[in-house]
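Text of structure_21.tsv (TSV, C-alpha atoms and all ligand atoms) as supplied:
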```
chain	number	residue	atom	x	y	z
A	1	MET	CA	0.00	0.00	0.00
A	2	ASN	CA	1.34	3.47	-0.81
A	3	SER	CA	1.06	6.55	1.39
A	4	LYS	CA	-1.88	8.05	-0.51
A	5	LYS	CA	-3.89	4.82	-0.24
A	6	TYR	CA	-3.00	4.56	3.47
A	7	PHE	CA	-4.26	8.10	4.19
A	8	ASP	CA	-7.39	7.55	2.08
A	9	GLU	CA	-8.12	4.50	4.24
A	10	VAL	CA	-7.56	6.16	7.63
A	11	ALA	CA	-9.19	9.50	6.74
A	12	GLN	CA	-12.42	8.85	8.62
A	13	GLN	CA	-10.55	7.88	11.79
A	14	TRP	CA	-7.80	10.48	11.46
A	15	ASP	CA	-9.25	12.99	13.96
A	16	ILE	CA	-9.24	10.35	16.70
A	17	MET	CA	-5.82	8.96	15.73
A	18	GLN	CA	-4.30	12.44	15.61
A	19	GLN	CA	-5.71	13.34	19.04
A	20	SER	CA	-3.98	10.27	20.50
A	21	PHE	CA	-0.63	11.26	18.91
A	22	PHE	CA	-0.30	14.89	20.07
A	23	SER	CA	-2.22	17.81	21.58
A	24	GLU	CA	-3.46	21.18	20.35
A	25	ASP	CA	-0.44	22.81	22.01
A	26	ILE	CA	1.55	22.05	18.83
A	27	ARG	CA	-0.58	24.24	16.63
A	28	GLU	CA	-0.73	27.01	19.23
A	29	LYS	CA	3.08	26.97	19.37
A	30	ALA	CA	3.28	27.03	15.54
A	31	PHE	CA	0.84	29.97	15.33
A	32	SER	CA	2.69	31.88	18.03
A	33	VAL	CA	6.08	31.36	16.30
A	34	ALA	CA	4.55	32.62	13.02
A	35	GLY	CA	2.81	35.55	14.73
A	36	VAL	CA	-0.41	34.87	12.83
A	37	LYS	CA	-2.72	37.81	12.19
A	38	LYS	CA	-6.44	37.86	11.44
A	39	GLY	CA	-7.28	38.40	7.76
A	40	MET	CA	-3.97	37.03	6.41
A	41	ILE	CA	-3.76	34.01	4.07
A	42	ALA	CA	-2.22	30.74	5.20
A	43	ALA	CA	-1.57	27.43	3.44
A	44	ASP	CA	-1.88	24.19	5.42
A	45	ILE	CA	0.18	21.63	3.52
A	46	GLY	CA	-0.45	17.92	4.15
A	47	ALA	CA	-3.55	19.22	5.89
A	48	GLY	CA	-5.07	15.80	6.68
A	49	SER	CA	-8.48	16.25	8.28
A	50	GLY	CA	-7.70	19.87	9.14
A	51	PHE	CA	-5.94	20.00	12.51
A	52	ILE	CA	-3.96	23.14	11.58
A	53	SER	CA	-6.67	24.60	9.30
A	54	GLU	CA	-9.23	24.48	12.10
A	55	GLY	CA	-7.00	26.53	14.39
A	56	LEU	CA	-6.30	29.05	11.63
A	57	ILE	CA	-9.99	29.52	10.78
A	58	GLY	CA	-10.63	30.03	14.50
A	59	LYS	CA	-8.08	32.85	14.48
A	60	GLY	CA	-9.75	34.56	11.51
A	61	LEU	CA	-7.25	33.66	8.77
A	62	LYS	CA	-8.12	32.58	5.24
A	63	VAL	CA	-6.85	29.06	4.57
A	64	ILE	CA	-5.83	27.00	1.55
A	65	ALA	CA	-5.69	23.37	2.65
A	66	VAL	CA	-3.69	21.02	0.42
A	67	ASP	CA	-3.46	17.24	0.62
A	68	GLN	CA	-2.75	14.31	-1.71
A	69	SER	CA	-5.73	12.39	-0.28
A	70	GLU	CA	-9.24	13.05	-1.63
A	71	ALA	CA	-10.67	11.24	1.40
A	72	MET	CA	-8.89	13.58	3.84
A	73	LEU	CA	-10.15	16.63	1.93
A	74	ALA	CA	-13.67	15.14	1.97
A	75	GLU	CA	-13.47	14.78	5.77
A	76	MET	CA	-12.45	18.42	6.05
A	77	ARG	CA	-15.28	19.58	3.78
A	78	LYS	CA	-17.75	17.70	6.02
A	79	LYS	CA	-16.23	19.04	9.23
A	80	PHE	CA	-16.00	22.67	8.10
A	81	SER	CA	-19.18	22.83	6.02
A	82	GLY	CA	-20.54	26.31	6.46
A	83	ALA	CA	-17.16	27.75	7.46
A	84	GLU	CA	-16.02	30.66	5.36
A	85	GLY	CA	-12.53	31.41	4.13
A	86	ILE	CA	-11.27	27.89	3.47
A	87	GLU	CA	-10.39	26.31	0.12
A	88	TYR	CA	-9.56	22.65	-0.40
A	89	ARG	CA	-7.02	21.66	-3.04
A	90	LEU	CA	-5.83	18.23	-4.06
A	91	GLY	CA	-2.09	18.36	-4.61
A	92	GLU	CA	1.32	16.75	-4.26
A	93	ALA	CA	4.41	17.87	-2.39
A	94	GLU	CA	6.46	18.39	-5.57
A	95	LYS	CA	3.90	20.66	-7.27
A	96	LEU	CA	1.60	22.46	-4.87
A	97	PRO	CA	-1.59	23.81	-6.48
A	98	ILE	CA	-0.86	27.38	-5.36
A	99	PRO	CA	0.82	30.14	-7.43
A	100	ASP	CA	4.17	31.74	-6.55
A	101	GLU	CA	4.18	34.26	-3.66
A	102	ALA	CA	0.49	33.81	-2.86
A	103	VAL	CA	0.30	33.27	0.91
A	104	ASP	CA	1.51	34.99	4.11
A	105	TYR	CA	2.15	31.77	6.04
A	106	VAL	CA	2.77	28.13	5.24
A	107	PHE	CA	2.21	25.52	7.94
A	108	ALA	CA	3.03	21.82	7.69
A	109	ASN	CA	2.40	19.62	10.72
A	110	MET	CA	3.64	16.00	10.67
A	111	TYR	CA	3.91	16.17	6.88
A	112	ILE	CA	7.55	16.21	5.79
A	113	HIS	CA	8.31	12.79	7.31
A	114	HIS	CA	5.89	11.40	4.69
A	115	VAL	CA	7.29	13.04	1.56
A	116	GLU	CA	9.91	11.56	-0.75
A	117	SER	CA	12.25	14.58	-0.57
A	118	PRO	CA	11.77	16.85	2.48
A	119	GLN	CA	14.33	19.26	1.02
A	120	GLU	CA	12.38	19.65	-2.25
A	121	ALA	CA	9.08	19.88	-0.34
A	122	ILE	CA	10.51	22.77	1.69
A	123	LYS	CA	11.63	24.61	-1.50
A	124	GLU	CA	8.15	24.16	-2.94
A	125	MET	CA	6.54	25.58	0.22
A	126	VAL	CA	8.90	28.55	0.11
A	127	ARG	CA	7.90	29.18	-3.53
A	128	ILE	CA	4.27	29.89	-2.56
A	129	LEU	CA	5.21	32.30	0.28
A	130	LYS	CA	5.04	36.04	-0.25
A	131	PRO	CA	8.27	37.93	0.49
A	132	GLY	CA	8.27	38.48	4.25
A	133	GLY	CA	6.04	35.41	4.75
A	134	GLU	CA	6.78	32.67	7.30
A	135	LEU	CA	7.21	28.92	6.87
A	136	VAL	CA	6.55	26.95	10.06
A	137	ILE	CA	7.07	23.19	10.16
A	138	THR	CA	6.34	20.99	13.16
A	139	ASP	CA	7.61	17.42	12.98
A	140	MET	CA	9.47	14.69	14.83
A	141	ASP	CA	13.10	14.63	15.87
A	142	GLU	CA	15.19	11.71	14.61
A	143	HIS	CA	14.10	8.41	16.21
A	144	GLU	CA	14.59	4.65	16.07
A	145	PHE	CA	11.02	3.36	15.86
A	146	LYS	CA	10.81	1.18	12.74
A	147	PHE	CA	7.12	0.34	13.20
A	148	LEU	CA	6.14	3.87	12.17
A	149	LYS	CA	7.41	3.12	8.65
A	150	GLU	CA	5.73	-0.27	8.57
A	151	GLU	CA	2.39	0.66	10.17
A	152	HIS	CA	1.95	4.39	9.46
A	153	HIS	CA	3.73	4.75	6.11
A	154	ASP	CA	6.30	7.20	7.45
A	155	ARG	CA	9.16	7.57	4.94
A	156	TRP	CA	11.59	9.24	7.34
A	157	ARG	CA	12.36	8.34	10.95
A	158	GLY	CA	12.20	11.99	11.97
A	159	PHE	CA	14.95	14.51	11.30
A	160	LYS	CA	18.14	15.97	12.68
A	161	ARG	CA	17.45	19.60	13.54
A	162	GLU	CA	20.67	20.72	11.83
A	163	ASP	CA	19.43	19.18	8.54
A	164	VAL	CA	16.11	20.99	8.79
A	165	ARG	CA	17.89	24.26	9.53
A	166	ARG	CA	20.17	23.77	6.49
A	167	TRP	CA	17.22	22.95	4.20
A	168	PHE	CA	15.43	26.14	5.34
A	169	GLU	CA	18.54	28.24	4.72
A	170	GLU	CA	19.26	26.60	1.34
A	171	ALA	CA	15.65	27.35	0.33
A	172	GLY	CA	16.44	31.05	0.88
A	173	LEU	CA	14.79	31.63	4.27
A	174	LYS	CA	16.29	33.99	6.85
A	175	ASN	CA	15.93	34.25	10.64
A	176	VAL	CA	15.73	30.45	10.77
A	177	ILE	CA	15.01	28.97	14.20
A	178	VAL	CA	14.64	25.27	14.98
A	179	ASP	CA	13.40	24.90	18.53
A	180	CYS	CA	11.78	22.51	21.02
A	181	ILE	CA	8.10	22.16	21.61
A	182	ASP	CA	7.53	20.78	25.09
A	183	GLU	CA	5.53	17.95	23.64
A	184	ASN	CA	6.11	14.44	22.31
A	185	CYS	CA	4.39	12.46	19.60
A	186	SER	CA	3.10	9.26	21.22
A	187	CYS	CA	2.11	6.13	19.41
A	188	ARG	CA	1.75	2.40	20.13
A	189	SER	CA	2.56	-0.34	17.61
A	190	SER	CA	0.28	-3.30	16.87
A	191	CYS	CA	2.65	-5.37	19.08
A	192	GLY	CA	2.41	-2.92	21.97
A	193	GLU	CA	5.73	-1.11	21.45
A	194	HIS	CA	5.38	2.48	22.70
A	195	ALA	CA	7.03	5.37	20.88
A	196	SER	CA	7.34	8.79	22.46
A	197	ILE	CA	9.23	11.15	20.17
A	198	SER	CA	10.12	14.80	20.78
A	199	ILE	CA	8.75	17.37	18.37
A	200	PHE	CA	10.56	20.40	16.91
A	201	VAL	CA	9.20	23.62	15.47
A	202	ALA	CA	11.19	25.12	12.59
A	203	SER	CA	10.49	28.60	11.29
A	204	GLY	CA	11.98	30.95	8.75
A	205	GLU	CA	11.11	34.16	6.92
A	206	LYS	CA	11.20	34.61	3.13
A	301	LIG	C1	0.46	12.49	9.36
A	301	LIG	S1	-0.75	13.28	8.37
A	301	LIG	C2	-0.82	14.88	9.13
A	301	LIG	C3	-2.13	15.57	8.83
A	301	LIG	C4	-2.32	16.91	9.54
A	301	LIG	N1	-1.32	17.87	9.14
A	301	LIG	C5	-2.35	16.75	11.04
A	301	LIG	O1	-1.51	17.34	11.72
A	301	LIG	O2	-3.23	16.05	11.54
A	301	LIG	C6	0.14	13.60	6.86
A	301	LIG	C7	-0.74	14.15	5.74
A	301	LIG	O3	0.11	14.52	4.66
A	301	LIG	C8	-0.44	14.06	3.44
A	301	LIG	N2	0.68	13.79	2.53
A	301	LIG	C9	1.64	12.85	2.68
A	301	LIG	N3	2.50	12.87	1.64
A	301	LIG	C10	2.05	13.85	0.81
A	301	LIG	C11	2.52	14.35	-0.44
A	301	LIG	N4	3.61	13.84	-1.04
A	301	LIG	N5	1.85	15.35	-1.03
A	301	LIG	C12	0.72	15.88	-0.42
A	301	LIG	N6	0.24	15.44	0.76
A	301	LIG	C13	0.89	14.44	1.37
A	301	LIG	C14	-1.20	12.80	3.81
A	301	LIG	O4	-2.21	12.47	2.86
A	301	LIG	C15	-1.74	13.13	5.19
A	301	LIG	O5	-3.02	13.68	5.14
```
Please, can you express the file's structure as structure tokens?
Ligand SMILES: C[S@@+](CC[C@H](N)C(=O)[O-])C[C@H]1O[C@@H](n2cnc3c(N)ncnc32)[C@H](O)[C@@H]1O
Amino acid sequence: MNSKKYFDEVAQQWDIMQQSFFSEDIREKAFSVAGVKKGMIAADIGAGSGFISEGLIGKGLKVIAVDQSEAMLAEMRKKFSGAEGIEYRLGEAEKLPIPDEAVDYVFANMYIHHVESPQEAIKEMVRILKPGGELVITDMDEHEFKFLKEEHHDRWRGFKREDVRRWFEEAGLKNVIVDCIDENCSCRSSCGEHASISIFVASGEK
């Protein structure tokens, strides 16, 4: 099974799965690092069922939510039916369905460990940012838990913070900060193995 098929299959349960992995503190930390302001436009890349998008709508931003999975986007449409200021776009990491320099913020939570090339995915997210815009990525630090690849279709076992910092800088971002979030991603394997992995927040300005 590939990653798209996996996420299509878990889309209806994703809200519950996601709540067991991490708390809302992650998105609050991401929004605070970005300094989000009402009325601005944000992209939520690898949006899933809308964990980040929901927080952004609540803060009065306009949102473009992008995901490879039609089923995830369908879940979001159901959940946010009636909400204004959100667009849903089917798209892939390598070619996001958003023009150059179109958004004030790009957020990506627990997304880059699923893409083939995190470095290229970062460049593509930087492309859609307006000059002065902020990219904020929240994801897992490097870890040893193999079952996440086998059972959750992760491609990468987290990241070294120095690599993420370099990728941000090579993509042309300035004021790059890769910092701790006082929160872990928790998950149990089908055999009962328990993973608890620290999460970083990386930010940079275009
Ligand atoms: C672990 S989920 C995270 C969802 C959401 N951001 C959250 O925090 O709940 C990863 C999401 O990224 C999407 N995704 C994975 N690889 C992708 C790719 N190459 N292009 C676009 N979306 C992708 C998946 O379909 C899935 O919805």
Chain A residues near ligand LIG 301 (chain A) within 7 Å, closest pair each, using only C-alpha atoms and all ligand atoms, as a Markdown table:
```
| residue | atom | partner | partner_atom | distance |
| --- | --- | --- | --- | --- |
| A:Ser3 | CA | A:LIG301 | C9 | 6.5 |
| A:Lys4 | CA | A:LIG301 | O4 | 5.6 |
| A:Phe7 | CA | A:LIG301 | O4 | 5.0 |
| A:Gln18 | CA | A:LIG301 | O2 | 5.5 |
| A:Ile45 | CA | A:LIG301 | N6 | 6.8 |
| A:Gly46 | CA | A:LIG301 | O3 | 3.5 |
| A:Ala47 | CA | A:LIG301 | N1 | 4.2 |
| A:Gly48 | CA | A:LIG301 | O5 | 3.3 |
| A:Ser49 | CA | A:LIG301 | O2 | 6.2 |
| A:Gly50 | CA | A:LIG301 | C4 | 6.2 |
| A:Phe51 | CA | A:LIG301 | O2 | 4.9 |
| A:Ile52 | CA | A:LIG301 | O1 | 6.3 |
| A:Val66 | CA | A:LIG301 | C12 | 6.8 |
| A:Asp67 | CA | A:LIG301 | N6 | 4.1 |
| A:Gln68 | CA | A:LIG301 | C12 | 4.0 |
| A:Ser69 | CA | A:LIG301 | O4 | 4.7 |
| A:Met72 | CA | A:LIG301 | O5 | 6.0 |
| A:Gly91 | CA | A:LIG301 | C12 | 5.6 |
| A:Glu92 | CA | A:LIG301 | N5 | 3.6 |
| A:Ala93 | CA | A:LIG301 | N5 | 3.8 |
| A:Ala108 | CA | A:LIG301 | N1 | 6.1 |
| A:Asn109 | CA | A:LIG301 | N1 | 4.4 |
| A:Met110 | CA | A:LIG301 | C2 | 4.8 |
| A:Tyr111 | CA | A:LIG301 | C6 | 4.6 |
| A:His114 | CA | A:LIG301 | N3 | 4.8 |
| A:Val115 | CA | A:LIG301 | N4 | 4.6 |
| A:Glu116 | CA | A:LIG301 | N4 | 6.7 |
```
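Of the residues under consideration (A:Met1, A:Val33, A:Met17, A:Ile98), A:Ile98 shows the shortest atom-to-atom contact distance to A:Val63 when counting only C-alpha atoms.
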Grab all the atoms of stretch 185-200 of chain A that the file lists, wrap them in a box along x, y and z, add 5 Å per side, and give me centre plus edge lengths in Å (one decimal) as lines of an AutoDock Vina configuration file.
```
center_x = 5.4
center_y = 7.5
center_z = 19.8
size_x = 20.3
size_y = 35.8
size_z = 15.8
```
Subject >> Minimum-distance residue to A:Met76, chosen among A:Val176, A:Gln12, A:Met40, A:Glu170 (using all atoms listed in the file) >> reply: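 Looking only at the distances to A:Met76, the closest residue turns out to be A:Gln12.
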**OP:** Rank nothing, just name the residue among A:Cys191, A:Cys185, A:Ile112, A:Asn2 nearest to A:Trp156, using all atoms listed in the file.
**Re:** A:Ile112
Original post:
Rounded to one decimal in Å, what is the spacing between atom CA of A:Leu73 and atom CA of A:Leu96?
Top reply: 14.8 Å
Original post:
Do you know which residues are at most 9 Å from A:Gln119 counting all atoms listed in the file, after dropping those on the same chain fewer than 2 positions away, and could you put them as a PyMOL selection string?
Top reply: chain A and resi 112+117+121-124+164+167-168+170-171
Subject >> Residues near A:Gly35, cut-off 10 Å, all atoms listed in the file, skip fewer than 6 positions along chain, as a PyMOL selection string >> reply: chain A and resi 29+105+134
**OP:** Would you list the contacts of A:Asp104 as a list of chain:residue names, taking every protein, DNA or RNA residue within 6 Å and counting all atoms listed in the file, but skipping same-chain residues closer than 2 positions in sequence?
**Re:**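 So, after excluding close chain neighbours, the residues are A:Ile41, A:Ala42, A:Leu129, A:Lys130, A:Gly133.
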Subject >> A:Lys78, A:Arg166, A:His113, A:Arg161 ranked by distance to A:Leu148, top pick (using all atoms listed in the file) >> reply: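 So, comparing all the options, the nearest one is A:His113.
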**OP:** Could you check how far atom CA of A:Lys62 sits from atom CA of A:Val106, in Å to one decimal?
**Re:** 11.8 Å
Subject >> Interatomic distance (Å, one decimal) between atom CA of A:Lys174 and atom CA of A:Gly85 >> reply: 29.1 Å
**OP:** Quick one: residues within 7 Å of (-1.9, -0.9, 13.1) (file frame), counting only C-alpha atoms, please, as number ranges by chain.
**Re:** A: 151, 189-190
Using the structure block above, produce a file of stretch 120-190 of chain A that contains C-alpha atoms, as a short mmCIF file (atom, residue, chain, number, x, y, z; two decimals), in the first residue's frame.
```cif
data_model
loop_
_atom_site.label_atom_id
_atom_site.label_comp_id
_atom_site.auth_asym_id
_atom_site.auth_seq_id
_atom_site.Cartn_x
_atom_site.Cartn_y
_atom_site.Cartn_z
CA GLU A 120 12.38 19.65 -2.25
CA ALA A 121 9.08 19.88 -0.34
CA ILE A 122 10.51 22.77 1.69
CA LYS A 123 11.63 24.61 -1.50
CA GLU A 124 8.15 24.16 -2.94
CA MET A 125 6.54 25.58 0.22
CA VAL A 126 8.90 28.55 0.11
CA ARG A 127 7.90 29.18 -3.53
CA ILE A 128 4.27 29.89 -2.56
CA LEU A 129 5.21 32.30 0.28
CA LYS A 130 5.04 36.04 -0.25
CA PRO A 131 8.27 37.93 0.49
CA GLY A 132 8.27 38.48 4.25
CA GLY A 133 6.04 35.41 4.75
CA GLU A 134 6.78 32.67 7.30
CA LEU A 135 7.21 28.92 6.87
CA VAL A 136 6.55 26.95 10.06
CA ILE A 137 7.07 23.19 10.16
CA THR A 138 6.34 20.99 13.16
CA ASP A 139 7.61 17.42 12.98
CA MET A 140 9.47 14.69 14.83
CA ASP A 141 13.10 14.63 15.87
CA GLU A 142 15.19 11.71 14.61
CA HIS A 143 14.10 8.41 16.21
CA GLU A 144 14.59 4.65 16.07
CA PHE A 145 11.02 3.36 15.86
CA LYS A 146 10.81 1.18 12.74
CA PHE A 147 7.12 0.34 13.20
CA LEU A 148 6.14 3.87 12.17
CA LYS A 149 7.41 3.12 8.65
CA GLU A 150 5.73 -0.27 8.57
CA GLU A 151 2.39 0.66 10.17
CA HIS A 152 1.95 4.39 9.46
CA HIS A 153 3.73 4.75 6.11
CA ASP A 154 6.30 7.20 7.45
CA ARG A 155 9.16 7.57 4.94
CA TRP A 156 11.59 9.24 7.34
CA ARG A 157 12.36 8.34 10.95
CA GLY A 158 12.20 11.99 11.97
CA PHE A 159 14.95 14.51 11.30
CA LYS A 160 18.14 15.97 12.68
CA ARG A 161 17.45 19.60 13.54
CA GLU A 162 20.67 20.72 11.83
CA ASP A 163 19.43 19.18 8.54
CA VAL A 164 16.11 20.99 8.79
CA ARG A 165 17.89 24.26 9.53
CA ARG A 166 20.17 23.77 6.49
CA TRP A 167 17.22 22.95 4.20
CA PHE A 168 15.43 26.14 5.34
CA GLU A 169 18.54 28.24 4.72
CA GLU A 170 19.26 26.60 1.34
CA ALA A 171 15.65 27.35 0.33
CA GLY A 172 16.44 31.05 0.88
CA LEU A 173 14.79 31.63 4.27
CA LYS A 174 16.29 33.99 6.85
CA ASN A 175 15.93 34.25 10.64
CA VAL A 176 15.73 30.45 10.77
CA ILE A 177 15.01 28.97 14.20
CA VAL A 178 14.64 25.27 14.98
CA ASP A 179 13.40 24.90 18.53
CA CYS A 180 11.78 22.51 21.02
CA ILE A 181 8.10 22.16 21.61
CA ASP A 182 7.53 20.78 25.09
CA GLU A 183 5.53 17.95 23.64
CA ASN A 184 6.11 14.44 22.31
CA CYS A 185 4.39 12.46 19.60
CA SER A 186 3.10 9.26 21.22
CA CYS A 187 2.11 6.13 19.41
CA ARG A 188 1.75 2.40 20.13
CA SER A 189 2.56 -0.34 17.61
CA SER A 190 0.28 -3.30 16.87
#
```
